[in-house]
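A.B. asks: Below is structure.cif; it holds mmCIF, C-alpha atoms.
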data_structure
loop_
_atom_site.group_PDB
_atom_site.id
_atom_site.type_symbol
_atom_site.label_atom_id
_atom_site.label_comp_id
_atom_site.auth_asym_id
_atom_site.auth_seq_id
_atom_site.Cartn_x
_atom_site.Cartn_y
_atom_site.Cartn_z
ATOM 1 C CA MET F 1 27.886 151.866 8.962
ATOM 2 C CA GLU F 2 28.433 151.221 12.647
ATOM 3 C CA ILE F 3 31.688 152.473 14.117
ATOM 4 C CA THR F 4 33.142 150.952 17.277
ATOM 5 C CA PHE F 5 34.729 153.525 19.545
ATOM 6 C CA TYR F 6 36.496 153.595 22.886
ATOM 7 C CA LYS F 7 36.264 156.427 25.398
ATOM 8 C CA TYR F 8 39.413 157.301 27.358
ATOM 9 C CA GLN F 9 40.336 160.116 29.719
ATOM 10 C CA GLY F 10 43.600 161.484 31.053
ATOM 11 C CA ALA F 11 43.207 163.761 34.081
ATOM 12 C CA GLY F 12 39.712 164.634 32.891
ATOM 13 C CA ASN F 13 40.782 165.396 29.306
ATOM 14 C CA ASP F 14 38.490 162.967 27.448
ATOM 15 C CA PHE F 15 38.747 161.411 24.006
ATOM 16 C CA VAL F 16 36.987 159.113 21.582
ATOM 17 C CA ILE F 17 39.465 156.634 20.059
ATOM 18 C CA ILE F 18 38.813 154.530 16.965
ATOM 19 C CA ASP F 19 40.928 151.572 15.845
ATOM 20 C CA ASP F 20 41.289 152.516 12.183
ATOM 21 C CA ARG F 21 44.068 150.190 11.102
ATOM 22 C CA ALA F 22 41.781 149.073 8.253
ATOM 23 C CA GLU F 23 41.506 152.755 7.189
ATOM 24 C CA GLU F 24 37.714 152.685 6.900
ATOM 25 C CA PHE F 25 37.113 156.023 8.618
ATOM 26 C CA ASP F 26 36.783 158.959 6.211
ATOM 27 C CA ARG F 27 39.401 161.419 7.475
ATOM 28 C CA SER F 28 37.727 164.267 5.607
ATOM 29 C CA ASN F 29 34.362 163.803 7.359
ATOM 30 C CA THR F 30 34.780 166.656 9.824
ATOM 31 C CA ALA F 31 31.027 166.882 10.380
ATOM 32 C CA LEU F 32 30.954 163.303 11.704
ATOM 33 C CA VAL F 33 33.873 163.975 14.032
ATOM 34 C CA ALA F 34 32.165 167.090 15.403
ATOM 35 C CA LYS F 35 28.909 165.151 15.851
ATOM 36 C CA ILE F 36 30.629 162.351 17.773
ATOM 37 C CA CYS F 37 32.448 164.853 20.018
ATOM 38 C CA ASN F 38 29.299 166.885 20.717
ATOM 39 C CA ARG F 39 28.343 166.539 24.379
ATOM 40 C CA ARG F 40 24.598 166.905 23.784
ATOM 41 C CA PHE F 41 24.036 165.066 20.515
ATOM 42 C CA GLY F 42 26.997 162.687 20.388
ATOM 43 C CA VAL F 43 29.341 160.716 22.601
ATOM 44 C CA GLY F 44 31.005 163.831 23.983
ATOM 45 C CA ALA F 45 34.765 164.427 24.035
ATOM 46 C CA ASP F 46 37.491 167.044 23.933
ATOM 47 C CA GLY F 47 38.835 165.339 20.824
ATOM 48 C CA LEU F 48 38.766 162.240 18.618
ATOM 49 C CA MET F 49 41.709 160.080 17.585
ATOM 50 C CA LEU F 50 42.291 157.460 14.920
ATOM 51 C CA LEU F 51 44.881 154.745 15.498
ATOM 52 C CA ARG F 52 46.341 153.789 12.114
ATOM 53 C CA ASN F 53 49.185 151.640 10.844
ATOM 54 C CA LYS F 54 52.349 153.493 9.886
ATOM 55 C CA GLU F 55 55.471 151.950 8.385
ATOM 56 C CA GLY F 56 58.466 152.366 10.646
ATOM 57 C CA PHE F 57 56.344 153.065 13.725
ATOM 58 C CA ASP F 58 54.139 151.080 16.082
ATOM 59 C CA PHE F 59 51.175 153.187 14.921
ATOM 60 C CA GLU F 60 50.086 156.641 13.768
ATOM 61 C CA MET F 61 47.954 158.975 15.871
ATOM 62 C CA VAL F 62 45.534 161.158 13.898
ATOM 63 C CA TYR F 63 44.016 163.802 16.172
ATOM 64 C CA TYR F 64 40.873 165.915 15.713
ATOM 65 C CA ASN F 65 39.692 168.778 17.876
ATOM 66 C CA SER F 66 36.090 168.603 19.042
ATOM 67 C CA ASP F 67 35.105 171.090 16.303
ATOM 68 C CA GLY F 68 35.860 168.338 13.767
ATOM 69 C CA ASN F 69 39.088 169.736 12.349
ATOM 70 C CA GLU F 70 42.400 167.917 12.485
ATOM 71 C CA GLY F 71 44.410 169.520 15.245
ATOM 72 C CA SER F 72 47.944 169.956 16.469
ATOM 73 C CA MET F 73 49.526 167.608 19.000
ATOM 74 C CA CYS F 74 47.538 166.670 22.094
ATOM 75 C CA GLY F 75 49.694 165.402 24.955
ATOM 76 C CA ASN F 76 46.957 163.777 27.024
ATOM 77 C CA GLY F 77 45.507 162.335 23.841
ATOM 78 C CA GLY F 78 48.892 160.855 23.041
ATOM 79 C CA ARG F 79 49.057 159.210 26.447
ATOM 80 C CA CYS F 80 45.523 157.848 26.094
ATOM 81 C CA ILE F 81 46.099 156.380 22.642
ATOM 82 C CA VAL F 82 49.240 154.643 23.949
ATOM 83 C CA SER F 83 47.180 153.065 26.735
ATOM 84 C CA PHE F 84 44.567 152.023 24.163
ATOM 85 C CA ALA F 85 47.222 150.572 21.839
ATOM 86 C CA LYS F 86 48.589 148.472 24.690
ATOM 87 C CA THR F 87 45.100 147.252 25.609
ATOM 88 C CA ILE F 88 44.371 146.007 22.079
ATOM 89 C CA GLY F 89 47.817 144.405 21.758
ATOM 90 C CA VAL F 90 49.397 146.785 19.264
ATOM 91 C CA VAL F 91 52.259 147.695 21.627
ATOM 92 C CA GLY F 92 53.870 146.501 24.826
ATOM 93 C CA ASP F 93 55.156 148.607 27.684
ATOM 94 C CA LYS F 94 57.196 150.811 25.333
ATOM 95 C CA CYS F 95 56.421 152.178 21.892
ATOM 96 C CA CYS F 96 57.184 154.776 19.273
ATOM 97 C CA PHE F 97 54.373 156.364 17.268
ATOM 98 C CA LEU F 98 53.962 159.156 14.749
ATOM 99 C CA ALA F 99 51.823 162.226 15.448
ATOM 100 C CA VAL F 100 51.302 165.443 13.538
ATOM 101 C CA ASP F 101 54.337 167.056 15.193
ATOM 102 C CA GLY F 102 56.651 164.072 14.590
ATOM 103 C CA PRO F 103 57.737 160.866 16.352
ATOM 104 C CA HIS F 104 56.998 160.260 20.032
ATOM 105 C CA GLU F 105 58.338 157.674 22.446
ATOM 106 C CA ALA F 106 56.158 156.446 25.294
ATOM 107 C CA GLU F 107 56.223 153.894 28.064
ATOM 108 C CA MET F 108 54.041 152.564 30.835
ATOM 109 C CA ILE F 109 55.309 153.480 34.313
ATOM 110 C CA ASP F 110 54.295 153.001 37.939
ATOM 111 C CA TYR F 111 53.604 156.175 39.913
ATOM 112 C CA ASP F 112 52.753 155.718 43.577
ATOM 113 C CA GLY F 113 51.144 152.373 42.785
ATOM 114 C CA ASN F 114 49.157 153.716 39.843
ATOM 115 C CA SER F 115 49.651 152.889 36.179
ATOM 116 C CA TRP F 116 50.698 156.029 34.297
ATOM 117 C CA VAL F 117 51.827 156.704 30.740
ATOM 118 C CA SER F 118 55.039 158.668 30.207
ATOM 119 C CA LEU F 119 55.155 160.441 26.841
ATOM 120 C CA LYS F 120 58.168 162.153 25.315
ATOM 121 C CA MET F 121 57.216 165.547 23.950
ATOM 122 C CA ILE F 122 58.996 167.559 21.257
ATOM 123 C CA ASP F 123 62.029 169.676 22.066
ATOM 124 C CA VAL F 124 61.252 173.335 22.755
ATOM 125 C CA PRO F 125 64.154 175.431 21.422
ATOM 126 C CA ASP F 126 62.356 178.763 21.060
ATOM 127 C CA ILE F 127 60.548 180.528 23.888
ATOM 128 C CA GLU F 128 59.151 184.047 23.786
ATOM 129 C CA LYS F 129 59.167 185.921 27.066
ATOM 130 C CA GLY F 130 57.009 189.034 27.096
ATOM 131 C CA ILE F 131 55.685 191.369 29.748
ATOM 132 C CA GLY F 132 53.485 189.187 31.934
ATOM 133 C CA TYR F 133 53.443 186.168 29.652
ATOM 134 C CA VAL F 134 55.474 183.383 28.048
ATOM 135 C CA TYR F 135 54.653 181.915 24.629
ATOM 136 C CA MET F 136 55.942 178.662 23.147
ATOM 137 C CA ASN F 137 55.054 175.643 21.018
ATOM 138 C CA THR F 138 55.098 172.316 22.870
ATOM 139 C CA GLY F 139 53.376 170.476 20.008
ATOM 140 C CA SER F 140 50.573 173.053 20.154
ATOM 141 C CA PRO F 141 50.947 176.822 20.699
ATOM 142 C CA HIS F 142 50.518 178.017 24.274
ATOM 143 C CA TYR F 143 50.268 181.418 25.900
ATOM 144 C CA VAL F 144 51.046 181.142 29.621
ATOM 145 C CA THR F 145 50.563 183.782 32.297
ATOM 146 C CA PHE F 146 50.655 183.775 36.085
ATOM 147 C CA ASN F 147 47.564 184.454 38.182
ATOM 148 C CA SER F 148 48.385 184.107 41.865
ATOM 149 C CA ASN F 149 45.435 186.088 43.201
ATOM 150 C CA ASN F 150 42.293 184.241 42.181
ATOM 151 C CA LEU F 151 43.094 181.262 39.963
ATOM 152 C CA ASP F 152 40.287 179.043 41.248
ATOM 153 C CA ASN F 153 37.538 181.633 40.948
ATOM 154 C CA MET F 154 38.607 183.765 37.975
ATOM 155 C CA ASP F 155 36.385 184.043 34.889
ATOM 156 C CA LEU F 156 38.813 182.041 32.802
ATOM 157 C CA VAL F 157 36.808 181.735 29.577
ATOM 158 C CA ASP F 158 36.201 185.452 29.110
ATOM 159 C CA GLN F 159 39.762 186.400 29.988
ATOM 160 C CA ALA F 160 41.235 183.665 27.813
ATOM 161 C CA ARG F 161 39.106 184.615 24.817
ATOM 162 C CA GLU F 162 40.448 188.160 24.985
ATOM 163 C CA ILE F 163 43.866 186.650 24.270
ATOM 164 C CA ARG F 164 42.842 183.825 21.937
ATOM 165 C CA TYR F 165 40.868 186.215 19.674
ATOM 166 C CA ASN F 166 43.139 189.254 19.820
ATOM 167 C CA GLY F 167 44.832 190.694 16.753
ATOM 168 C CA ARG F 168 47.845 188.424 16.992
ATOM 169 C CA PHE F 169 46.177 185.080 17.600
ATOM 170 C CA SER F 170 42.663 185.326 16.127
ATOM 171 C CA LYS F 171 43.506 183.677 12.784
ATOM 172 C CA GLU F 172 45.491 180.614 13.869
ATOM 173 C CA GLY F 173 44.414 180.596 17.501
ATOM 174 C CA THR F 174 46.365 179.784 20.632
ATOM 175 C CA ASN F 175 45.737 177.859 23.811
ATOM 176 C CA VAL F 176 45.721 180.048 26.923
ATOM 177 C CA ASN F 177 46.946 178.951 30.351
ATOM 178 C CA PHE F 178 46.711 180.663 33.731
ATOM 179 C CA ILE F 179 49.042 179.239 36.374
ATOM 180 C CA ASP F 180 50.175 179.578 39.969
ATOM 181 C CA ILE F 181 52.985 177.779 41.811
ATOM 182 C CA TYR F 182 53.483 177.113 45.504
ATOM 183 C CA ASP F 183 55.496 174.546 47.505
ATOM 184 C CA ASP F 184 56.892 173.131 44.235
ATOM 185 C CA VAL F 185 53.407 172.282 42.947
ATOM 186 C CA LEU F 186 51.965 174.059 39.930
ATOM 187 C CA LYS F 187 48.236 174.726 39.535
ATOM 188 C CA ILE F 188 46.823 175.375 36.082
ATOM 189 C CA ARG F 189 43.643 176.237 34.223
ATOM 190 C CA THR F 190 43.585 175.983 30.440
ATOM 191 C CA TYR F 191 41.441 177.293 27.600
ATOM 192 C CA GLU F 192 41.875 175.174 24.454
ATOM 193 C CA ARG F 193 41.425 176.389 20.903
ATOM 194 C CA GLY F 194 39.335 173.966 18.839
ATOM 195 C CA VAL F 195 37.359 173.156 21.965
ATOM 196 C CA GLU F 196 36.892 176.910 22.538
ATOM 197 C CA ASP F 197 36.316 176.389 26.221
ATOM 198 C CA GLU F 198 38.103 175.408 29.401
ATOM 199 C CA THR F 199 39.190 171.773 29.608
ATOM 200 C CA LEU F 200 39.946 169.831 32.772
ATOM 201 C CA ALA F 201 43.524 169.224 31.626
ATOM 202 C CA CYS F 202 45.753 169.817 28.607
ATOM 203 C CA GLY F 203 49.001 167.900 28.185
ATOM 204 C CA THR F 204 50.809 170.345 25.924
ATOM 205 C CA GLY F 205 49.527 173.148 28.166
ATOM 206 C CA VAL F 206 50.825 171.490 31.319
ATOM 207 C CA THR F 207 54.167 171.044 29.565
ATOM 208 C CA ALA F 208 54.281 174.714 28.546
ATOM 209 C CA ALA F 209 53.291 175.771 32.061
ATOM 210 C CA VAL F 210 56.104 173.837 33.736
ATOM 211 C CA LEU F 211 58.701 175.173 31.283
ATOM 212 C CA THR F 212 57.323 178.667 31.875
ATOM 213 C CA ALA F 213 57.654 178.284 35.641
ATOM 214 C CA HIS F 214 61.244 177.123 35.197
ATOM 215 C CA ILE F 215 62.401 179.734 32.685
ATOM 216 C CA THR F 216 60.936 182.527 34.826
ATOM 217 C CA GLY F 217 62.825 181.291 37.894
ATOM 218 C CA ASN F 218 59.825 180.119 39.900
ATOM 219 C CA PHE F 219 61.477 176.761 40.649
ATOM 220 C CA ASN F 220 64.931 175.299 40.116
ATOM 221 C CA GLY F 221 64.473 171.548 39.642
ATOM 222 C CA ASN F 222 64.039 169.472 36.496
ATOM 223 C CA GLU F 223 60.620 167.998 37.275
ATOM 224 C CA LEU F 224 57.386 169.369 38.654
ATOM 225 C CA LEU F 225 54.019 168.036 39.793
ATOM 226 C CA VAL F 226 51.025 169.778 38.223
ATOM 227 C CA LYS F 227 47.504 169.898 39.573
ATOM 228 C CA ALA F 228 44.985 170.430 36.780
ATOM 229 C CA LYS F 229 41.250 170.584 37.418
ATOM 230 C CA GLY F 230 40.916 166.952 36.303
ATOM 231 C CA GLY F 231 43.841 165.445 38.166
ATOM 232 C CA ASP F 232 47.609 165.294 38.653
ATOM 233 C CA LEU F 233 50.261 165.260 35.941
ATOM 234 C CA LYS F 234 54.032 165.518 35.996
ATOM 235 C CA VAL F 235 56.617 167.009 33.639
ATOM 236 C CA LEU F 236 60.339 166.176 33.500
ATOM 237 C CA PHE F 237 62.867 168.011 31.312
ATOM 238 C CA GLU F 238 66.464 169.052 30.651
ATOM 239 C CA ARG F 239 67.512 172.663 30.085
ATOM 240 C CA VAL F 240 69.733 172.833 26.977
ATOM 241 C CA GLY F 241 70.983 176.247 25.911
ATOM 242 C CA ASN F 242 68.034 178.622 25.697
ATOM 243 C CA GLY F 243 65.498 175.818 25.346
ATOM 244 C CA TYR F 244 64.452 172.423 26.660
ATOM 245 C CA GLU F 245 64.999 168.817 25.563
ATOM 246 C CA ASN F 246 64.077 165.350 26.845
ATOM 247 C CA VAL F 247 60.699 166.660 27.914
ATOM 248 C CA TRP F 248 58.393 163.961 29.306
ATOM 249 C CA LEU F 249 54.725 164.316 30.196
ATOM 250 C CA GLN F 250 53.477 161.749 32.719
ATOM 251 C CA GLY F 251 50.025 161.003 34.035
ATOM 252 C CA PRO F 252 47.027 158.648 34.087
ATOM 253 C CA ALA F 253 45.281 157.395 30.943
ATOM 254 C CA GLU F 254 42.135 155.453 31.752
ATOM 255 C CA PHE F 255 39.525 153.524 29.791
ATOM 256 C CA VAL F 256 35.971 154.813 30.380
ATOM 257 C CA PHE F 257 33.666 152.793 28.110
ATOM 258 C CA LYS F 258 33.211 151.208 24.676
ATOM 259 C CA GLY F 259 30.306 151.841 22.324
ATOM 260 C CA LEU F 260 28.911 152.053 18.784
ATOM 261 C CA VAL F 261 27.915 155.052 16.691
ATOM 262 C CA ASN F 262 26.209 155.132 13.307
ATOM 263 C CA GLU F 263 27.964 157.006 10.527
#
Just dump the structure as structure tokens.
C.D. replies:
Amino acid sequence: MEITFYKYQGAGNDFVIIDDRAEEFDRSNTALVAKICNRRFGVGADGLMLLRNKEGFDFEMVYYNSDGNEGSMCGNGGRCIVSFAKTIGVVGDKCCFLAVDGPHEAEMIDYDGNSWVSLKMIDVPDIEKGIGYVYMNTGSPHYVTFNSNNLDNMDLVDQAREIRYNGRFSKEGTNVNFIDIYDDVLKIRTYERGVEDETLACGTGVTAAVLTAHITGNFNGNELLVKAKGGDLKVLFERVGNGYENVWLQGPAEFVFKGLVNE
């Protein structure tokens, strides 16, 4: 069977999206998902998403990591599937959809003359601050640490894997982020579990990084521009008690191409 897919990217974080409102895609076929996401033998993507109907919502987002397994929330994926849903006429400029971590609001916005998608993330009530790191769940688990000496040239993959596969995280895994902040701009590099490599951007990682920078006193505002390897993103938030609410991830979500794959 031929499957029509759409390729989208958000700040270099790329995804295959399938309109599965007819529910014809076998959700248990992890091997097919991994094959489609493979960059040498398939389409190539950081993840794959199904857009499905869901009562009470504009749609449901089903997200797979590139290894073929259903994953936790992907912020850039959420923004891309909103852009896709608007393109195919499922939603307008505002919507509410269901993801694995619960409901999400989203809207199309203008940012410096560019069309961006603003996505409301989950509240983050619990944050662990350790020696040299911060750990939290922003829809996916993230370990965040500062690296102000050599962020651009560091051997990120090797250093991140030491954390991702250590005794604490090896079973369930964690995403690992190295960050630096200067002149109220945050730079970030992210290693994603499920991809098991560095990605050009990670929405939940960018969110965790900004909240980390704020809770550690590295800036005092309620919004911050982030420069990932694949492009710019922005995070807005409110500090409530010991955590954060009304957290919004903003950035580009762009169509790349449309194609067919054989099941």
A.B. asks: I'd like the residues picked by the PyMOL selection byres ((chain F and resi 237) around 7) written out as a VMD selection string, using the chain letters and numbers from the file.
C.D. replies: chain F and resid 222 to 223 235 to 236 238 to 239 244 to 248
A.B. asks: For the selection just defined, write its residues with C-alpha atoms to a file, as a PDB file, keeping the file's coordinate frame.
C.D. replies:
ATOM      1  CA  ASN F 222      64.039 169.472  36.496  1.00  0.00           C
ATOM      2  CA  GLU F 223      60.620 167.998  37.275  1.00  0.00           C
ATOM      3  CA  VAL F 235      56.617 167.009  33.639  1.00  0.00           C
ATOM      4  CA  LEU F 236      60.339 166.176  33.500  1.00  0.00           C
ATOM      5  CA  GLU F 238      66.464 169.052  30.651  1.00  0.00           C
ATOM      6  CA  ARG F 239      67.512 172.663  30.085  1.00  0.00           C
ATOM      7  CA  TYR F 244      64.452 172.423  26.660  1.00  0.00           C
ATOM      8  CA  GLU F 245      64.999 168.817  25.563  1.00  0.00           C
ATOM      9  CA  ASN F 246      64.077 165.350  26.845  1.00  0.00           C
ATOM     10  CA  VAL F 247      60.699 166.660  27.914  1.00  0.00           C
ATOM     11  CA  TRP F 248      58.393 163.961  29.306  1.00  0.00           C
TER      12      TRP F 248
END
A.B. asks: Rounded to one decimal, what separation in Å do you get between atom CA of F:Phe257 and atom CA of F:Met73?
C.D. replies: 23.5 Å
A.B. asks: Which residue, F:Ala201, F:Val134, F:Ile122, F:Ile127, has the smallest gap to F:Leu98 when you use all atoms listed in the file?
C.D. replies: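 The answer is F:Ile122, which sits nearest to F:Leu98.
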A.B. asks: Give as a list in words the residues that the PyMOL selection byres ((chain F and resi 188-190) around 9) matches when applied to the coordinates above.
C.D. replies: Leu151, Asp152, Leu156, Val157, Ala160, Asn175, Val176, Asn177, Phe178, Ile179, Asp180, Ile181, Leu186, Lys187, Tyr191, Glu192, Asp197, Glu198, Thr199, Leu200, Ala201, Cys202, Gly205, Val206, Ala209, Val226, Lys227, Ala228 and Lys229 of chain F
A.B. asks: Counting all atoms listed in the file, note down every residue that has an atom within 8 Å of the point (51.6, 158.9, 33.5) (file coordinates), as an MDAnalysis selection string.
C.D. replies: chainID F and resid 79 108:111 115:119 233:234 249:253
A.B. asks: Could you add whatever atoms are missing so that stretch 189-220 of chain F carries N, CA and C atoms, then write the result as an mmCIF file, keeping the file's coordinate frame?
C.D. replies:
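In the end it all went to result_2.cif:
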data_model
loop_
_atom_site.group_PDB
_atom_site.id
_atom_site.type_symbol
_atom_site.label_atom_id
_atom_site.label_comp_id
_atom_site.auth_asym_id
_atom_site.auth_seq_id
_atom_site.Cartn_x
_atom_site.Cartn_y
_atom_site.Cartn_z
ATOM 1 N N ARG F 189 44.928 176.282 34.916
ATOM 2 C CA ARG F 189 43.643 176.237 34.223
ATOM 3 C C ARG F 189 43.904 176.598 32.771
ATOM 4 N N THR F 190 43.265 175.863 31.859
ATOM 5 C CA THR F 190 43.585 175.983 30.440
ATOM 6 C C THR F 190 42.336 176.162 29.582
ATOM 7 N N TYR F 191 42.440 177.097 28.656
ATOM 8 C CA TYR F 191 41.441 177.293 27.600
ATOM 9 C C TYR F 191 42.056 176.745 26.313
ATOM 10 N N GLU F 192 41.339 175.814 25.655
ATOM 11 C CA GLU F 192 41.875 175.174 24.454
ATOM 12 C C GLU F 192 41.178 175.670 23.197
ATOM 13 N N ARG F 193 41.979 176.076 22.215
ATOM 14 C CA ARG F 193 41.425 176.389 20.903
ATOM 15 C C ARG F 193 40.909 175.089 20.290
ATOM 16 N N GLY F 194 39.928 175.182 19.416
ATOM 17 C CA GLY F 194 39.335 173.966 18.839
ATOM 18 C C GLY F 194 38.227 173.415 19.700
ATOM 19 N N VAL F 195 38.439 173.437 21.012
ATOM 20 C CA VAL F 195 37.359 173.156 21.965
ATOM 21 C C VAL F 195 36.613 174.459 22.242
ATOM 22 N N GLU F 196 37.377 175.543 22.265
ATOM 23 C CA GLU F 196 36.892 176.910 22.538
ATOM 24 C C GLU F 196 36.197 177.013 23.898
ATOM 25 N N ASP F 197 36.830 176.370 24.855
ATOM 26 C CA ASP F 197 36.316 176.389 26.221
ATOM 27 C C ASP F 197 37.420 175.901 27.149
ATOM 28 N N GLU F 198 37.175 175.973 28.440
ATOM 29 C CA GLU F 198 38.103 175.408 29.401
ATOM 30 C C GLU F 198 38.005 173.890 29.368
ATOM 31 N N THR F 199 39.153 173.221 29.464
ATOM 32 C CA THR F 199 39.190 171.773 29.608
ATOM 33 C C THR F 199 39.778 171.427 30.973
ATOM 34 N N LEU F 200 39.499 170.225 31.432
ATOM 35 C CA LEU F 200 39.946 169.831 32.772
ATOM 36 C C LEU F 200 41.450 169.599 32.844
ATOM 37 N N ALA F 201 42.068 169.368 31.689
ATOM 38 C CA ALA F 201 43.524 169.224 31.626
ATOM 39 C C ALA F 201 43.942 169.353 30.167
ATOM 40 N N CYS F 202 45.189 169.721 29.960
ATOM 41 C CA CYS F 202 45.753 169.817 28.607
ATOM 42 C C CYS F 202 47.222 169.459 28.711
ATOM 43 N N GLY F 203 47.632 168.388 28.042
ATOM 44 C CA GLY F 203 49.001 167.900 28.185
ATOM 45 C C GLY F 203 50.050 168.854 27.655
ATOM 46 N N THR F 204 49.835 169.385 26.457
ATOM 47 C CA THR F 204 50.809 170.345 25.924
ATOM 48 C C THR F 204 50.790 171.634 26.743
ATOM 49 N N GLY F 205 49.619 171.970 27.309
ATOM 50 C CA GLY F 205 49.527 173.148 28.166
ATOM 51 C C GLY F 205 50.256 172.965 29.482
ATOM 52 N N VAL F 206 50.096 171.804 30.090
ATOM 53 C CA VAL F 206 50.825 171.490 31.319
ATOM 54 C C VAL F 206 52.330 171.552 31.069
ATOM 55 N N THR F 207 52.750 171.009 29.921
ATOM 56 C CA THR F 207 54.167 171.044 29.565
ATOM 57 C C THR F 207 54.657 172.484 29.438
ATOM 58 N N ALA F 208 53.903 173.307 28.716
ATOM 59 C CA ALA F 208 54.281 174.714 28.546
ATOM 60 C C ALA F 208 54.301 175.446 29.881
ATOM 61 N N ALA F 209 53.366 175.108 30.760
ATOM 62 C CA ALA F 209 53.291 175.771 32.061
ATOM 63 C C ALA F 209 54.515 175.473 32.918
ATOM 64 N N VAL F 210 54.937 174.212 32.942
ATOM 65 C CA VAL F 210 56.104 173.837 33.736
ATOM 66 C C VAL F 210 57.364 174.512 33.189
ATOM 67 N N LEU F 211 57.532 174.513 31.866
ATOM 68 C CA LEU F 211 58.701 175.173 31.283
ATOM 69 C C LEU F 211 58.660 176.673 31.537
ATOM 70 N N THR F 212 57.470 177.252 31.539
ATOM 71 C CA THR F 212 57.323 178.667 31.875
ATOM 72 C C THR F 212 57.758 178.935 33.310
ATOM 73 N N ALA F 213 57.290 178.105 34.233
ATOM 74 C CA ALA F 213 57.654 178.284 35.641
ATOM 75 C C ALA F 213 59.159 178.179 35.839
ATOM 76 N N HIS F 214 59.796 177.295 35.060
ATOM 77 C CA HIS F 214 61.244 177.123 35.197
ATOM 78 C C HIS F 214 62.009 178.291 34.579
ATOM 79 N N ILE F 215 61.640 178.691 33.385
ATOM 80 C CA ILE F 215 62.401 179.734 32.685
ATOM 81 C C ILE F 215 62.228 181.099 33.342
ATOM 82 N N THR F 216 61.151 181.266 34.106
ATOM 83 C CA THR F 216 60.936 182.527 34.826
ATOM 84 C C THR F 216 61.490 182.487 36.245
ATOM 85 N N GLY F 217 62.159 181.377 36.608
ATOM 86 C CA GLY F 217 62.825 181.291 37.894
ATOM 87 C C GLY F 217 61.930 180.983 39.072
ATOM 88 N N ASN F 218 60.745 180.407 38.806
ATOM 89 C CA ASN F 218 59.825 180.119 39.900
ATOM 90 C C ASN F 218 60.077 178.764 40.556
ATOM 91 N N PHE F 219 60.948 177.944 39.961
ATOM 92 C CA PHE F 219 61.477 176.761 40.649
ATOM 93 C C PHE F 219 62.752 176.359 39.932
ATOM 94 N N ASN F 220 63.584 175.559 40.614
ATOM 95 C CA ASN F 220 64.931 175.299 40.116
ATOM 96 C C ASN F 220 65.200 173.844 39.745
#
